[in-house]
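K.L.:
The structure file my_file_33.cif (mmCIF, C-alpha atoms) is provided below.
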data_data
loop_
_atom_site.label_atom_id
_atom_site.label_comp_id
_atom_site.auth_asym_id
_atom_site.auth_seq_id
_atom_site.Cartn_x
_atom_site.Cartn_y
_atom_site.Cartn_z
CA MET A 30 31.46 -106.20 -7.48
CA MET A 31 32.21 -102.49 -7.57
CA PRO A 32 30.49 -100.58 -10.39
CA GLY A 33 32.95 -99.75 -13.16
CA GLY A 34 33.13 -96.92 -15.65
CA THR A 35 32.12 -94.09 -13.36
CA PRO A 36 32.66 -94.04 -9.60
CA GLU A 37 29.50 -91.97 -9.16
CA ALA A 38 27.25 -94.98 -8.50
CA TRP A 39 29.68 -96.28 -5.92
CA ARG A 40 29.91 -92.89 -4.17
CA LYS A 41 26.14 -92.51 -4.03
CA MET A 42 25.62 -96.04 -2.72
CA ASP A 43 28.44 -95.71 -0.20
CA ASP A 44 27.02 -92.38 1.00
CA ILE A 45 23.68 -94.02 1.74
CA ALA A 46 25.34 -97.01 3.42
CA HIS A 47 27.27 -94.77 5.79
CA LYS A 48 24.13 -92.82 6.67
CA VAL A 49 22.26 -96.04 7.44
CA VAL A 50 25.02 -97.18 9.80
CA ALA A 51 25.19 -93.76 11.47
CA MET A 52 21.44 -93.60 12.02
CA HIS A 53 21.43 -96.97 13.75
CA ASN A 54 24.76 -96.76 15.59
CA THR A 55 23.10 -96.94 19.01
CA SER A 56 22.16 -100.55 18.34
CA PRO A 57 24.59 -103.09 19.86
CA THR A 58 23.75 -105.69 17.24
CA PRO A 59 24.83 -105.72 13.57
CA LYS A 60 22.59 -104.24 10.92
CA THR A 61 20.79 -106.86 8.85
CA VAL A 62 20.76 -107.16 5.07
CA LEU A 63 18.23 -109.33 3.30
CA HIS A 64 20.04 -111.01 0.40
CA VAL A 65 17.18 -111.84 -1.96
CA GLY A 66 17.60 -114.43 -4.69
CA CYS A 67 20.86 -115.34 -3.01
CA GLY A 68 21.51 -118.61 -4.84
CA PRO A 69 24.11 -121.07 -3.52
CA ARG A 70 26.36 -119.81 -0.76
CA ALA A 71 29.75 -118.83 -2.20
CA PRO A 72 32.52 -116.29 -1.60
CA GLY A 73 31.80 -112.94 -3.19
CA LYS A 74 28.05 -113.46 -3.57
CA LEU A 75 27.22 -110.71 -1.08
CA HIS A 76 28.21 -107.21 -2.18
CA GLU A 77 31.16 -105.82 -0.23
CA THR A 78 29.04 -102.96 1.10
CA PHE A 79 27.33 -105.49 3.35
CA CYS A 80 30.44 -107.39 4.40
CA GLY A 81 32.09 -106.73 7.72
CA PRO A 82 31.10 -106.40 11.37
CA ASP A 83 28.37 -103.81 10.77
CA TRP A 84 26.18 -106.21 8.79
CA ARG A 85 24.56 -109.62 9.25
CA GLU A 86 23.31 -111.44 6.16
CA VAL A 87 19.92 -113.16 5.96
CA ARG A 88 19.56 -115.22 2.77
CA LEU A 89 16.26 -115.58 0.89
CA ASP A 90 15.66 -117.70 -2.20
CA ILE A 91 12.79 -119.48 -3.92
CA ASN A 92 14.92 -122.61 -4.31
CA PRO A 93 15.21 -124.65 -1.08
CA ALA A 94 18.15 -126.57 -2.55
CA VAL A 95 20.46 -123.56 -1.95
CA ASN A 96 19.70 -123.71 1.79
CA PRO A 97 18.48 -120.14 2.32
CA ASP A 98 17.40 -118.84 5.71
CA ILE A 99 14.01 -118.00 4.20
CA VAL A 100 12.37 -119.89 1.33
CA ALA A 101 10.23 -117.43 -0.60
CA SER A 102 9.71 -115.75 -3.94
CA ILE A 103 10.81 -112.13 -4.19
CA THR A 104 7.29 -111.29 -5.36
CA ASP A 105 5.76 -112.64 -2.14
CA MET A 106 7.89 -112.34 0.99
CA ARG A 107 4.97 -112.49 3.42
CA ASP A 108 7.07 -114.26 6.06
CA VAL A 109 9.40 -111.24 6.24
CA PRO A 110 8.03 -108.59 8.64
CA ASP A 111 7.46 -105.00 7.53
CA ALA A 112 10.31 -102.52 8.07
CA SER A 113 12.65 -105.19 9.44
CA TYR A 114 15.92 -104.70 7.51
CA GLU A 115 18.44 -101.92 7.17
CA GLY A 116 19.65 -103.26 3.82
CA LEU A 117 18.46 -105.37 0.90
CA TYR A 118 20.68 -106.73 -1.86
CA SER A 119 19.26 -107.99 -5.16
CA SER A 120 21.78 -109.10 -7.77
CA HIS A 121 20.38 -110.09 -11.16
CA ASN A 122 16.96 -111.17 -9.98
CA LEU A 123 14.50 -108.73 -11.51
CA GLU A 124 15.26 -109.69 -15.12
CA HIS A 125 14.04 -113.23 -14.35
CA LEU A 126 10.55 -111.94 -13.55
CA HIS A 127 7.73 -111.36 -16.00
CA PRO A 128 6.81 -107.69 -16.51
CA HIS A 129 3.71 -107.82 -14.32
CA GLU A 130 5.74 -109.34 -11.47
CA VAL A 131 8.35 -106.58 -11.25
CA PRO A 132 6.11 -104.08 -9.39
CA LEU A 133 5.20 -106.83 -6.92
CA ALA A 134 8.87 -107.54 -6.16
CA LEU A 135 9.81 -103.88 -5.82
CA ALA A 136 6.86 -103.27 -3.51
CA GLU A 137 8.10 -106.14 -1.35
CA PHE A 138 11.62 -104.70 -1.34
CA LYS A 139 10.28 -101.38 -0.05
CA ARG A 140 7.94 -103.01 2.47
CA VAL A 141 10.64 -104.97 4.31
CA LEU A 142 13.09 -102.05 4.56
CA LYS A 143 13.28 -99.72 7.52
CA PRO A 144 12.48 -96.10 6.59
CA TYR A 145 16.15 -95.15 6.26
CA GLY A 146 17.31 -98.51 5.03
CA PHE A 147 18.25 -98.98 1.39
CA ALA A 148 18.17 -101.50 -1.42
CA LEU A 149 21.13 -102.12 -3.70
CA VAL A 150 19.87 -103.60 -6.96
CA THR A 151 21.82 -104.67 -10.04
CA VAL A 152 20.42 -105.85 -13.38
CA PRO A 153 21.67 -106.07 -16.98
CA ASP A 154 21.76 -102.79 -18.90
CA LEU A 155 19.74 -103.31 -22.07
CA ARG A 156 20.86 -100.01 -23.55
CA GLN A 157 24.49 -101.16 -23.60
CA VAL A 158 23.52 -104.52 -25.08
CA ALA A 159 21.21 -103.01 -27.70
CA ARG A 160 24.06 -101.46 -29.67
CA PHE A 161 25.51 -104.93 -30.29
CA ILE A 162 22.11 -106.17 -31.46
CA ALA A 163 21.74 -103.15 -33.73
CA GLU A 164 25.17 -103.90 -35.24
CA ASP A 165 24.21 -107.55 -35.85
CA LYS A 166 26.68 -108.78 -33.22
CA ALA A 167 24.20 -110.76 -31.13
CA GLU A 168 26.54 -113.76 -30.85
CA GLU A 169 29.72 -111.79 -30.20
CA THR A 170 31.45 -112.43 -26.88
CA ILE A 171 31.12 -109.32 -24.71
CA LEU A 172 32.24 -110.79 -21.38
CA MET A 173 34.29 -113.78 -20.26
CA THR A 174 33.37 -115.41 -16.95
CA ASN A 175 34.42 -118.53 -15.10
CA LYS A 176 31.24 -120.12 -16.48
CA GLY A 177 32.06 -119.26 -20.08
CA ALA A 178 31.56 -116.58 -22.72
CA ILE A 179 28.61 -114.19 -22.45
CA THR A 180 26.94 -112.86 -25.59
CA PRO A 181 24.27 -110.17 -26.04
CA LEU A 182 21.69 -112.94 -26.53
CA ASP A 183 22.66 -114.41 -23.14
CA VAL A 184 22.12 -111.02 -21.52
CA LEU A 185 18.73 -110.69 -23.19
CA PHE A 186 17.36 -114.19 -22.65
CA GLY A 187 19.52 -115.86 -20.00
CA PHE A 188 22.79 -117.79 -20.02
CA ARG A 189 22.05 -120.57 -22.46
CA PRO A 190 24.36 -123.26 -21.03
CA PHE A 191 22.48 -123.01 -17.72
CA LEU A 192 19.13 -123.18 -19.52
CA ALA A 193 20.28 -126.18 -21.53
CA ASN A 194 21.13 -127.96 -18.28
CA GLY A 195 17.57 -127.48 -17.03
CA ASN A 196 18.12 -124.46 -14.76
CA LEU A 197 15.08 -122.55 -15.95
CA TYR A 198 15.42 -120.09 -13.06
CA MET A 199 18.12 -118.50 -15.25
CA ALA A 200 15.73 -117.48 -18.07
CA HIS A 201 15.33 -113.73 -18.55
CA ASN A 202 11.78 -112.45 -19.01
CA PHE A 203 12.24 -108.69 -18.67
CA GLY A 204 14.88 -105.98 -18.84
CA PHE A 205 15.73 -102.40 -17.99
CA THR A 206 17.48 -99.27 -19.08
CA ALA A 207 18.62 -96.75 -16.48
CA THR A 208 15.51 -94.68 -17.15
CA THR A 209 13.03 -97.53 -16.81
CA LEU A 210 14.71 -98.98 -13.71
CA ARG A 211 14.62 -95.61 -11.97
CA ALA A 212 10.95 -95.17 -12.95
CA ALA A 213 10.06 -98.64 -11.67
CA LEU A 214 11.67 -97.94 -8.27
CA LEU A 215 9.97 -94.55 -7.97
CA ASN A 216 6.61 -96.07 -8.98
CA ALA A 217 7.09 -98.67 -6.22
CA GLY A 218 7.23 -95.84 -3.69
CA PHE A 219 10.96 -95.42 -3.14
CA ALA A 220 11.73 -91.79 -2.36
CA ASP A 221 15.46 -91.64 -3.01
CA VAL A 222 16.72 -93.41 -6.13
CA ALA A 223 20.02 -93.31 -8.03
CA VAL A 224 20.86 -95.48 -11.05
CA GLU A 225 24.24 -95.73 -12.79
CA PRO A 226 25.72 -98.07 -15.44
CA ASP A 227 29.02 -99.86 -15.10
CA THR A 228 31.38 -101.06 -17.84
CA GLU A 229 30.29 -104.69 -17.65
CA PHE A 230 26.75 -104.30 -19.04
CA ASN A 231 25.10 -103.81 -15.64
CA LEU A 232 22.98 -101.14 -14.01
CA TRP A 233 23.40 -100.38 -10.29
CA ALA A 234 20.56 -98.77 -8.35
CA THR A 235 20.32 -97.58 -4.78
CA ALA A 236 16.85 -96.92 -3.45
CA SER A 237 15.63 -95.85 -0.02
CA PRO A 238 12.03 -95.64 1.22
CA SER A 239 12.79 -92.15 2.59
CA ALA A 240 14.80 -89.30 1.14
CA MET A 241 18.29 -89.46 2.60
CA PRO A 242 19.39 -86.27 4.39
CA GLY A 243 22.29 -84.63 2.65
CA THR A 244 22.16 -86.55 -0.62
CA GLY A 245 20.91 -83.54 -2.51
CA ARG A 246 18.41 -85.60 -4.53
CA PRO A 247 14.72 -84.69 -4.63
CA SER A 248 12.21 -87.09 -3.11
#
How does this structure look as structure tokens?
P.N.:
Amino acid sequence: MMPGGTPEAWRKMDDIAHKVVAMHNTSPTPKTVLHVGCGPRAPGKLHETFCGPDWREVRLDINPAVNPDIVASITDMRDVPDASYEGLYSSHNLEHLHPHEVPLALAEFKRVLKPYGFALVTVPDLRQVARFIAEDKAEETILMTNKGAITPLDVLFGFRPFLANGNLYMAHNFGFTATTLRAALLNAGFADVAVEPDTEFNLWATASPSAMPGTGRPS
């Protein structure tokens, strides 16, 4: 899903994606993206940046029932070699971790990326949700999805219908603002980080192990 609100996040992420492809354009094989916490295979699950002939998806998930290529936790991907992927996509995984597990996952994300690869990470934006909590609108519908209505409490703690059906993987144990997500990625050793909100209560971050030439951002 393309970030909404401001196109700046999309431009920054697209800029990095094009540089990754250009730096590896001598390779006859597609670039590989590790889709972590992929969940069940379904149309639209992989971000459009990684769709097309330039990319090949490798799916990783802790749940063997979703038939991933690699069964592993995002906090321990020891079966994934160092510096082996040009891209990594993580959509709404980090909020399911406990606080002490987040640095472990981000360190793994950095470890498996090639020096000029990049991670695209999206998580809920707690700052956007907090204003509804502050206004005592915790149960107000803020988004409608094909699974049902989403409230601020669902963003904070996990989508309750899924939890009620026994899918405890959907519980939320942590959260981020743009500032704390950027700090977490920098603390994990990423050199080039950009974080932007969208209009659907998400944050979008791009992070590369090395500073990207021409991005104009300090390492």
K.L.:
If you take all atoms listed in the file and a cut-off of 6 Å, which residues of range 141-213 of chain A touch range 107-125 of chain A, and what are their nearest atom pairs and distances in Å to one decimal, in chain and number order, as a tab-separated table?
P.N.:
residue	atom	partner	partner_atom	distance
A:Val141	CA	A:Ala112	CA	4.5
A:Leu142	CA	A:Ala112	CA	4.5
A:Lys143	CA	A:Ala112	CA	4.1
A:Gly146	CA	A:Glu115	CA	4.2
A:Phe147	CA	A:Gly116	CA	5.1
A:Ala148	CA	A:Leu117	CA	4.5
A:Leu149	CA	A:Tyr118	CA	5.0
A:Val150	CA	A:Ser119	CA	4.8
A:Thr151	CA	A:Ser120	CA	5.0
A:Val152	CA	A:His121	CA	4.8
A:Ala200	CA	A:His125	CA	5.9
A:His201	CA	A:His125	CA	4.4
A:Asn202	CA	A:His125	CA	5.2
A:Phe203	CA	A:Glu124	CA	4.8
A:Gly204	CA	A:Glu124	CA	5.3
K.L.:
Run through the PyMOL selection byres ((chain A and resi 63) around 6) on the given coordinates and return the selected residues as a list of chain:residue names.
P.N.:
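Evaluating the PyMOL selection byres ((chain A and resi 63) around 6) on this file yields A:Val62, A:His64, A:Val65, A:Val87, A:Leu117.
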K.L.:
Which residues, written as a ChimeraX atom specification, have at least one atom at most 10 Å from Tyr198 in chain A, with only C-alpha atoms counted and residues fewer than 5 positions away on the same chain left out?
P.N.:
/A:91-92,122,125-126,187,191-192
K.L.:
Could you tell me which residues the PyMOL selection byres ((chain A and resi 229-236) around 9) grabs in this file, written as a VMD selection string?
P.N.:
chain A and resid 32 to 34 38 to 39 41 to 42 45 139 146 to 158 171 to 172 184 205 to 207 210 to 211 214 to 215 219 to 228 237 to 239
K.L.:
Pick out the closest residue to Asp83 in chain A from this set: A:Val95, A:Lys60, A:Lys166, A:Thr104. Count only C-alpha atoms.
P.N.:
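Closest to Asp83 in chain A, using only C-alpha atoms: A:Lys60.
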K.L.:
With all atoms listed in the file as the atoms that count, which of A:Gly68, A:Thr78, A:Ala163, A:His129 lies nearest to Asp98 in chain A?
P.N.:
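The answer is A:Gly68, which sits nearest to Asp98 in chain A.
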K.L.:
Which is closer to Asp90 in chain A than all the others in A:Cys67, A:Thr209, A:Met106, A:Leu75, using only C-alpha atoms?
P.N.:
A:Cys67
K.L.:
Counting all atoms listed in the file, figure out which residue out of A:Gly66, A:Ala71, A:Pro132, A:Arg85 gets nearest to Ile103 in chain A.
P.N.:
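With all atoms listed in the file as the atom set, the closest residue is A:Gly66.
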K.L.:
Give me, as an MDAnalysis selection string, all polymer residues having an atom no more than 6 Å from Ala167 in chain A, counting only C-alpha atoms and skipping those fewer than 5 positions away in the same chain.
P.N.:
chainID A and resid 162 181:182
K.L.:
Between A:Thr180, A:Ser102, A:Cys80, A:Lys74, which one has atoms that come closest to Asp165 in chain A, using all atoms listed in the file?
P.N.:
A:Thr180
K.L.:
What's the separation between CA of Ala213 in chain A and CA of Glu164 in chain A, in Å to one decimal place?
P.N.:
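Between CA of Ala213 in chain A and CA of Glu164 in chain A the gap works out to 28.5 Å.
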K.L.:
Please report the interatomic distance between CA of Phe188 in chain A and CA of Ala217 in chain A in Å with one decimal.
P.N.:
28.3 Å
K.L.:
Figure out the distance between CA of Met199 in chain A and CA of Glu86 in chain A, please, to one decimal in Å.
P.N.:
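Taking CA of Glu86 in chain A and CA of Met199 in chain A, their separation equals 23.1 Å.
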